[in-house]
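Contents: one structure, followed by commentary.
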Amino acid sequence: MKKISVLFVCLGNICRSPAAESIFISLLVKKGLKDGFIVDSAGTGSWHIGKEADSRMRIAAERRDINILSKARQITSKDFDDFNYILAMDDSNFRNIQDLKNRTASTGFASIKKIQDFRSVFNEQEVPDPYFGGDEGFDYVLDILEDSVNGFFGKYFLNLFDLSLFRNLVIIKVNNFVHYLINCMSVCNNFYCVIRFY
Ligand code: 4NP
């Protein structure tokens with residue numbers, strides 16, 4: 001089955017987008033869905049290529065049991081072909097991603113959005129850049145991202161899967177064209193059957 005791919009993008013790829021990537025991965029692990037996804041992050045700028053995430057962000061995330069392991073890279077036009085969703089941290093990132101797509105005349109299918117479109121608790125329209133500020137800015141970015149990354153998951157994937165309840169997974173091939181995926185869940189001694197079409 002084809003994996004769903006999500007790319008988080010900020011300016012340097014050492015603070016906000018690696019944090020968003022790791023928060024999303026941590027959420028997928030909790031839901032038992034990690035194997036169904038490819039998750040990555042990138043920067044619109046090139047200054048930090050190959051570097052670990054900023055230590056201030058890594059330490060703040062570790063306090064929430066979130067490990068940030070990614071190494072910085074720059075977004076390329078190939079990402080428009082490789083990812084289903086590209087999520088920008090702020091308006092400037094969003095414009096730069098669109099510019100790259102136009103400049104390279106990419107025909108990629110990626111849906112480009114701003115992560116704050118999925119906020120619910122916080123009113124921030126953009127994820128603020130914490131790089132030149134104090135330590136508290138990193139915690140605030142994590143608070144904002146936990147809210148909006150959850151919102152992104154809820155909008156697109158909450159109703160598609162909840163593998164944490166799965167007891168059996170059976171794939172039946174019916175003639176050469178249609179695949180039925182039957183997920184059999186037993187909950188509280190009741191038996192539910194959900195059929196999905198691919
Ligand atoms: P990020 O933060 O875009 O969240 O990774 C920044 C990191 C580095 C720089 C700017 C923003 N910089 O100018 O080096």
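Residues are named by chain letter and number: chains run A, B, ... in the order of the structure tokens, numbers start at 1 in each chain, and ligands are numbered from 1 in the order shown.
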
Could I get the residues of chain A with an atom no further than 9 Å from an atom of ligand 1, each paired with its nearest atom pair and that distance in Å to one decimal, using only C-alpha atoms and all ligand atoms, sorted by chain and residue number, as a Markdown table?
```
| residue | atom | partner | partner_atom_place_in_ligand_line | distance |
| --- | --- | --- | --- | --- |
| A:Val9 | CA | ligand 1 | 3 (O) | 8.0 |
| A:Cys10 | CA | ligand 1 | 3 (O) | 4.4 |
| A:Leu11 | CA | ligand 1 | 3 (O) | 3.4 |
| A:Gly12 | CA | ligand 1 | 5 (O) | 3.6 |
| A:Asn13 | CA | ligand 1 | 5 (O) | 4.0 |
| A:Ile14 | CA | ligand 1 | 5 (O) | 3.8 |
| A:Cys15 | CA | ligand 1 | 4 (O) | 3.8 |
| A:Arg16 | CA | ligand 1 | 4 (O) | 3.8 |
| A:Ser17 | CA | ligand 1 | 4 (O) | 6.1 |
| A:Pro18 | CA | ligand 1 | 5 (O) | 7.7 |
| A:Ala19 | CA | ligand 1 | 4 (O) | 8.6 |
| A:Ala42 | CA | ligand 1 | 5 (O) | 8.8 |
| A:Gly43 | CA | ligand 1 | 3 (O) | 6.7 |
| A:Thr44 | CA | ligand 1 | 3 (O) | 8.2 |
| A:Gly45 | CA | ligand 1 | 3 (O) | 8.2 |
| A:Trp47 | CA | ligand 1 | 14 (O) | 6.3 |
| A:His48 | CA | ligand 1 | 14 (O) | 7.1 |
| A:Ala53 | CA | ligand 1 | 5 (O) | 7.8 |
| A:Asp54 | CA | ligand 1 | 7 (C) | 7.8 |
| A:Ala72 | CA | ligand 1 | 5 (O) | 8.6 |
| A:Met89 | CA | ligand 1 | 4 (O) | 7.9 |
| A:Asn93 | CA | ligand 1 | 3 (O) | 8.5 |
| A:Val127 | CA | ligand 1 | 4 (O) | 8.4 |
| A:Pro128 | CA | ligand 1 | 4 (O) | 7.9 |
| A:Asp129 | CA | ligand 1 | 4 (O) | 5.2 |
| A:Pro130 | CA | ligand 1 | 2 (O) | 6.4 |
| A:Tyr131 | CA | ligand 1 | 2 (O) | 4.9 |
| A:Phe132 | CA | ligand 1 | 10 (C) | 7.7 |
```

Restricting it to N, CA and C atoms, dump the selection as a PDB file, in the first residue's frame.
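Here's the written file part_11.pdb:
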```pdb
ATOM      1  N   VAL A   9       8.129  22.365   6.443  1.00  0.00           N
ATOM      2  CA  VAL A   9       9.151  23.274   5.907  1.00  0.00           C
ATOM      3  C   VAL A   9       9.196  24.588   6.693  1.00  0.00           C
ATOM      4  N   CYS A  10      10.436  24.995   7.078  1.00  0.00           N
ATOM      5  CA  CYS A  10      10.646  26.327   7.658  1.00  0.00           C
ATOM      6  C   CYS A  10      11.813  26.978   6.922  1.00  0.00           C
ATOM      7  N   LEU A  11      12.461  27.953   7.543  1.00  0.00           N
ATOM      8  CA  LEU A  11      13.554  28.655   6.857  1.00  0.00           C
ATOM      9  C   LEU A  11      14.868  27.875   6.957  1.00  0.00           C
ATOM     10  N   GLY A  12      15.306  27.596   8.180  1.00  0.00           N
ATOM     11  CA  GLY A  12      16.630  26.983   8.365  1.00  0.00           C
ATOM     12  C   GLY A  12      16.615  25.476   8.487  1.00  0.00           C
ATOM     13  N   ASN A  13      15.440  24.889   8.774  1.00  0.00           N
ATOM     14  CA  ASN A  13      15.282  23.437   9.032  1.00  0.00           C
ATOM     15  C   ASN A  13      16.098  22.992  10.252  1.00  0.00           C
ATOM     16  N   ILE A  14      16.263  23.898  11.232  1.00  0.00           N
ATOM     17  CA  ILE A  14      16.921  23.468  12.474  1.00  0.00           C
ATOM     18  C   ILE A  14      16.067  23.756  13.715  1.00  0.00           C
ATOM     19  N   CYS A  15      14.953  24.487  13.559  1.00  0.00           N
ATOM     20  CA  CYS A  15      14.115  24.771  14.738  1.00  0.00           C
ATOM     21  C   CYS A  15      12.681  24.282  14.541  1.00  0.00           C
ATOM     22  N   ARG A  16      11.890  25.008  13.746  1.00  0.00           N
ATOM     23  CA  ARG A  16      10.451  24.734  13.716  1.00  0.00           C
ATOM     24  C   ARG A  16      10.075  23.466  12.957  1.00  0.00           C
ATOM     25  N   SER A  17      10.593  23.313  11.723  1.00  0.00           N
ATOM     26  CA  SER A  17      10.131  22.153  10.937  1.00  0.00           C
ATOM     27  C   SER A  17      10.637  20.813  11.472  1.00  0.00           C
ATOM     28  N   PRO A  18      11.890  20.715  12.002  1.00  0.00           N
ATOM     29  CA  PRO A  18      12.245  19.427  12.608  1.00  0.00           C
ATOM     30  C   PRO A  18      11.410  19.122  13.853  1.00  0.00           C
ATOM     31  N   ALA A  19      11.014  20.194  14.579  1.00  0.00           N
ATOM     32  CA  ALA A  19      10.136  19.984  15.745  1.00  0.00           C
ATOM     33  C   ALA A  19       8.772  19.466  15.281  1.00  0.00           C
ATOM     34  N   ALA A  42      12.344  20.095   5.843  1.00  0.00           N
ATOM     35  CA  ALA A  42      13.346  20.769   5.000  1.00  0.00           C
ATOM     36  C   ALA A  42      13.280  22.262   5.260  1.00  0.00           C
ATOM     37  N   GLY A  43      14.331  22.965   4.823  1.00  0.00           N
ATOM     38  CA  GLY A  43      14.356  24.419   4.934  1.00  0.00           C
ATOM     39  C   GLY A  43      14.315  25.048   3.549  1.00  0.00           C
ATOM     40  N   THR A  44      13.806  26.278   3.477  1.00  0.00           N
ATOM     41  CA  THR A  44      13.889  26.992   2.204  1.00  0.00           C
ATOM     42  C   THR A  44      15.306  27.539   2.012  1.00  0.00           C
ATOM     43  N   GLY A  45      16.025  27.769   3.117  1.00  0.00           N
ATOM     44  CA  GLY A  45      17.408  28.254   3.052  1.00  0.00           C
ATOM     45  C   GLY A  45      18.404  27.102   3.094  1.00  0.00           C
ATOM     46  N   TRP A  47      21.679  27.450   4.654  1.00  0.00           N
ATOM     47  CA  TRP A  47      22.799  27.697   5.582  1.00  0.00           C
ATOM     48  C   TRP A  47      23.150  26.505   6.470  1.00  0.00           C
ATOM     49  N   HIS A  48      22.164  25.704   6.832  1.00  0.00           N
ATOM     50  CA  HIS A  48      22.400  24.694   7.884  1.00  0.00           C
ATOM     51  C   HIS A  48      22.391  23.262   7.356  1.00  0.00           C
ATOM     52  N   ALA A  53      19.349  19.523  14.510  1.00  0.00           N
ATOM     53  CA  ALA A  53      18.466  20.609  14.941  1.00  0.00           C
ATOM     54  C   ALA A  53      19.150  21.402  16.057  1.00  0.00           C
ATOM     55  N   ASP A  54      18.755  22.659  16.189  1.00  0.00           N
ATOM     56  CA  ASP A  54      19.284  23.553  17.228  1.00  0.00           C
ATOM     57  C   ASP A  54      19.145  22.875  18.602  1.00  0.00           C
ATOM     58  N   ALA A  72      19.426  18.769   8.819  1.00  0.00           N
ATOM     59  CA  ALA A  72      18.848  19.792   7.937  1.00  0.00           C
ATOM     60  C   ALA A  72      19.140  19.515   6.461  1.00  0.00           C
ATOM     61  N   MET A  89       5.739  26.659   7.779  1.00  0.00           N
ATOM     62  CA  MET A  89       5.620  27.187   9.139  1.00  0.00           C
ATOM     63  C   MET A  89       5.125  28.633   9.163  1.00  0.00           C
ATOM     64  N   ASN A  93       7.804  31.318   4.305  1.00  0.00           N
ATOM     65  CA  ASN A  93       8.130  29.960   3.837  1.00  0.00           C
ATOM     66  C   ASN A  93       7.142  29.535   2.748  1.00  0.00           C
ATOM     67  N   VAL A 127       3.887  30.197  12.716  1.00  0.00           N
ATOM     68  CA  VAL A 127       4.723  29.695  13.810  1.00  0.00           C
ATOM     69  C   VAL A 127       5.904  30.658  13.932  1.00  0.00           C
ATOM     70  N   PRO A 128       6.041  31.354  15.075  1.00  0.00           N
ATOM     71  CA  PRO A 128       7.108  32.357  15.176  1.00  0.00           C
ATOM     72  C   PRO A 128       8.484  31.709  15.150  1.00  0.00           C
ATOM     73  N   ASP A 129       9.431  32.420  14.538  1.00  0.00           N
ATOM     74  CA  ASP A 129      10.803  31.900  14.453  1.00  0.00           C
ATOM     75  C   ASP A 129      11.498  32.123  15.800  1.00  0.00           C
ATOM     76  N   PRO A 130      11.907  31.042  16.495  1.00  0.00           N
ATOM     77  CA  PRO A 130      12.488  31.211  17.837  1.00  0.00           C
ATOM     78  C   PRO A 130      14.002  31.412  17.811  1.00  0.00           C
ATOM     79  N   TYR A 131      14.624  31.363  16.621  1.00  0.00           N
ATOM     80  CA  TYR A 131      16.088  31.249  16.505  1.00  0.00           C
ATOM     81  C   TYR A 131      16.836  32.377  17.210  1.00  0.00           C
ATOM     82  N   PHE A 132      16.369  33.619  17.056  1.00  0.00           N
ATOM     83  CA  PHE A 132      17.106  34.752  17.619  1.00  0.00           C
ATOM     84  C   PHE A 132      16.576  35.172  18.990  1.00  0.00           C
TER      85      PHE A 132
END
```

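Taking only C-alpha atoms, the non-local environment of A:Gly133 within 12 Å (same-chain residues fewer than 6 positions away omitted) comprises Cys15, Arg56, Met57, Asp139, Tyr140 and Val141 of chain A.
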
I need the residues from that last selection saved to file as a PDB file, in the first residue's frame (with N, CA and C atoms), if you can.
```pdb
ATOM      1  N   CYS A  15      14.953  24.487  13.559  1.00  0.00           N
ATOM      2  CA  CYS A  15      14.115  24.771  14.738  1.00  0.00           C
ATOM      3  C   CYS A  15      12.681  24.282  14.541  1.00  0.00           C
ATOM      4  N   ARG A  56      18.796  24.008  21.509  1.00  0.00           N
ATOM      5  CA  ARG A  56      17.744  24.556  22.374  1.00  0.00           C
ATOM      6  C   ARG A  56      16.399  23.902  22.050  1.00  0.00           C
ATOM      7  N   MET A  57      16.158  23.649  20.759  1.00  0.00           N
ATOM      8  CA  MET A  57      14.907  22.986  20.372  1.00  0.00           C
ATOM      9  C   MET A  57      14.935  21.511  20.766  1.00  0.00           C
ATOM     10  N   ASP A 139       9.807  26.610  23.743  1.00  0.00           N
ATOM     11  CA  ASP A 139       8.655  25.940  24.367  1.00  0.00           C
ATOM     12  C   ASP A 139       7.353  26.425  23.760  1.00  0.00           C
ATOM     13  N   TYR A 140       7.310  27.716  23.481  1.00  0.00           N
ATOM     14  CA  TYR A 140       6.083  28.270  22.892  1.00  0.00           C
ATOM     15  C   TYR A 140       5.851  27.675  21.499  1.00  0.00           C
ATOM     16  N   VAL A 141       6.919  27.548  20.710  1.00  0.00           N
ATOM     17  CA  VAL A 141       6.792  26.943  19.376  1.00  0.00           C
ATOM     18  C   VAL A 141       6.285  25.501  19.503  1.00  0.00           C
TER      19      VAL A 141
END
```

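Considering only C-alpha atoms, the residue among A:Asn159, A:Asn102, A:Ser111, A:Ser55 positioned nearest to A:Phe83 is A:Ser111.
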
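Between atom CA of A:Tyr156 and atom CA of A:Ile68 there is a distance of 23.7 Å.
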
* Which distance in Å separates atom CA of A:Lys114 and atom CA of A:Arg64, to one decimal? -> 23.9 Å

Enumerate, in order of chain and increasing residue number, the residues of stretch 53-155 of chain A with an atom no farther than 7 Å from stretch 21-24 of chain A, each with its shortest atom pair and distance in Å to one decimal, counting only C-alpha atoms, as CSV.
```
residue,atom,partner,partner_atom,distance
A:Ile66,CA,A:Ser22,CA,6.6
A:Asn67,CA,A:Ser22,CA,6.6
A:Ile68,CA,A:Ser22,CA,5.6
A:Glu146,CA,A:Ile23,CA,6.6
A:Val149,CA,A:Phe24,CA,6.3
```

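Relative to atom CA of A:Leu158, atom CA of A:Ser120 is found at 15.5 Å.
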
* **Secondary structure check, strand (DSSP E or B) residues of stretch 21-189 of chain A, as a ChimeraX atom specification** => /A:37-43,52,71,74,85-88,111-114,166-174,178-187

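Checking A:Leu7, A:Asp65, A:Ala105, A:Glu52 one by one against A:Leu27, counting only C-alpha atoms, you find the shortest gap at A:Asp65.
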
* DSSP-assigned alpha helix (DSSP H) among stretch 8-188 of chain A, expressed as a PyMOL selection string -> chain A and resi 16-31+55-62+79-82+91-103+135-156
